[in-house]
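Asks: Pasting in a structure now, in structure tokens, and then I'll have a few things to ask.
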Amino acid sequence: MNASNAPATVRISGPPNSNFLVGYPGISATLPRIVGKVEIRPGSGYSAPVNVSMVRISLQRRETIHPAAENVAKRHLGTPRRETVDLVGKEMLLFRCVSGREADSVIAMDLPFQIFIPFGRGGEETNRRIPPASLQLPSRTAETYYELVVTVQQGQSAQNRYTFPIPLQRYDTLSTFGMYNRPESRVVTADNIVTLGISLPRWSYGPLDPITVYIKLAPNPDLVAKAKKVTIQKITLSIEEEITFNPEGDEPTKKVNKIAKHTQQVGAKMPEAGYVTNLGLVFPARDQRDPDGIIKRGKPAFPMYEISSFTTTSTLYKIEFFLSIKAHMTSARDITLRQPIVICPMDQQACKEEMDAIEQAAKDASMVDVNNPVLPERTIIYASEREAIRHLGLCEVGGVKKMLIE
């Protein structure tokens with residue numbers, strides 16, 4: 001049988017009954033990694049052997065921004081879409097033909113692989129940083145997506161690339177982690193007559209999680225006469241999403257969206273002991289179901305999130321969230337306080353449910369040697385092998401290929 005340089009059929013399969021992604025990106029103890037095997041089969045005719053010289057695999061992150069994409073006029077007149085492509089971790093060589101030969105003639109190949117996702121901060125070294133989560137903002141103003149890239153060299157002339165989207169989530173912003181459950185407090189003043197103080201019991205939230213802020217407006221004890229004239233009209237609490245496009249570049253641009261707002265009418269003179277209140281609102285979630293109650297099928301490169309964005313930092317964009325508390329007053333300047341918070345793609349309950357699995361993943365990862373991981377045996381069926389086509393479910397009867405019935 002003559003081998004062909006026609007493109008092979010290539011696909012990737014994950015471990016049985018589980019995802020490609022093993023471990024939790026963002027949590028180093030779980031050794032996040034992508035596990036699977038590259039399957040190569042004949043491409044032209046289902047039994048013609050293929051020439052294979054070399055097979056490599058890598059994980060790539062593609063990132064694009066187009067700040068003007070939301071506005072139809074600007075989309076055409078504004079700056080074009082910017083794109084960066086980065087290698088995540090290391091490229092792996094899965095197969096190389098016998099030296100001295102141009103290619104091996106192959107009927108079938110199953111090549112296991114394991115790509116470790118960086119989990120160290122690693123300072124400014126890009127390849128050591130934890131990769132940001134997959135995300136696509138509305139109108140594609142910014143997006144980050146990952147793909148496994150398989151390069152198959154078939155003889156000297158033909159080199160074919162095959163890409164497979166892989167959704168990637170981050171788990172270091174879960175609201176159940178202790179560091180987010182320590183109270184945060186701050187005090188600011190506008191003109192020394194009145195101070196605004198706030199206290200937040202926790203500072204990581206997900207879709208439909210309630211956010212409660214303890215607020216105190218207090219008169220300056222040295223300016224009691226002036227403070228007595230102050231009337232507190234209302235206090236507003238709002239959640240702001242701040243997107244910085246091109247944060248590390250020459251001309252970063254910021255865009256602030258108000259996501260939710262709650263106003264408490266007060267209309268009272270400033271008491272001598274100060275004015276104390278609690279304000280709260282719920283972080284909005286988007287409904288994944290259509291009007292018929294059916295969850296639409298997601299895009300293969302992006303996980304199904306219940307919110308349109310969350311706290312994340314990428315090369316081309318950065319998304320931060322703030323609680324903005326504003327006290328509107330007469331006889332004193334209005335006071336505004338912006339407190340940073342973390343928004344996680346999962347709600348409090350989902351975060352709780354993930355904790356046990358993370359603990360188990362860390363136990364499993366303690367058995368893995370990063371420098372020499374144990375992989376299943378690879379399978380290569382050469383065309384020269386006797387009854388090689390049995391592996392394609394065929395047999396030869398009187399010179400004719402027929403389906404093999406065991």
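Labels for the structure tokens follow display order: chains A, B, ..., residues from 1 in each chain, ligands from 1.
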Name the residues in contact with A:Val276 at a cut-off of 12 Å, using only C-alpha atoms, excluding same-chain residues fewer than 6 positions from it; report them as a compact mmCIF listing (two decimals) with N, CA and C atoms, in the first residue's frame.
Replies:
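Ended up saving to part17.txt:
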```txt
# COMPACT_ATOMS: atom_id res chain seq x y z
N THR A 195 -17.34 62.92 57.58
CA THR A 195 -16.57 61.78 57.05
C THR A 195 -17.53 60.65 56.72
N LEU A 196 -17.16 59.89 55.67
CA LEU A 196 -17.95 58.72 55.26
C LEU A 196 -17.10 57.48 55.53
N GLY A 197 -17.62 56.58 56.34
CA GLY A 197 -16.90 55.34 56.63
C GLY A 197 -17.73 54.15 56.19
N ILE A 198 -17.06 53.13 55.66
CA ILE A 198 -17.79 51.92 55.25
C ILE A 198 -17.10 50.68 55.79
N SER A 199 -17.87 49.61 55.93
CA SER A 199 -17.30 48.32 56.30
C SER A 199 -17.98 47.25 55.45
N VAL A 213 -23.35 46.56 52.67
CA VAL A 213 -22.32 47.50 53.12
C VAL A 213 -22.83 48.23 54.35
N TYR A 214 -21.99 48.28 55.38
CA TYR A 214 -22.31 49.03 56.60
C TYR A 214 -21.74 50.44 56.40
N ILE A 215 -22.60 51.48 56.54
CA ILE A 215 -22.19 52.86 56.22
C ILE A 215 -22.39 53.75 57.45
N LYS A 216 -21.39 54.63 57.68
CA LYS A 216 -21.54 55.61 58.77
C LYS A 216 -21.10 56.99 58.28
N LEU A 217 -22.01 57.97 58.41
CA LEU A 217 -21.67 59.37 58.15
C LEU A 217 -21.49 60.04 59.50
N ALA A 218 -20.32 60.65 59.73
CA ALA A 218 -20.05 61.22 61.06
C ALA A 218 -19.61 62.67 60.92
N PRO A 219 -20.08 63.56 61.83
CA PRO A 219 -19.64 64.96 61.79
C PRO A 219 -18.23 65.09 62.35
N ILE A 232 -28.51 65.35 55.17
CA ILE A 232 -28.19 64.18 54.32
C ILE A 232 -29.41 63.93 53.43
N ILE A 235 -28.35 58.46 50.00
CA ILE A 235 -27.08 57.70 49.85
C ILE A 235 -27.30 56.70 48.72
N VAL A 266 -32.83 59.76 52.50
CA VAL A 266 -32.67 60.01 53.93
C VAL A 266 -33.43 61.27 54.33
N MET A 270 -27.96 66.09 59.97
CA MET A 270 -26.89 65.24 60.50
C MET A 270 -26.98 65.13 62.02
```
Asks: Just the residues within 12 Å of stretch 252-263 of chain A, please, counting only C-alpha atoms, with nothing from its chain fewer than 6 positions along; format it as a ChimeraX atom specification.
Replies: /A:65-68,70,141,207-208,210-213,233-246,278-286,307-310,315-328
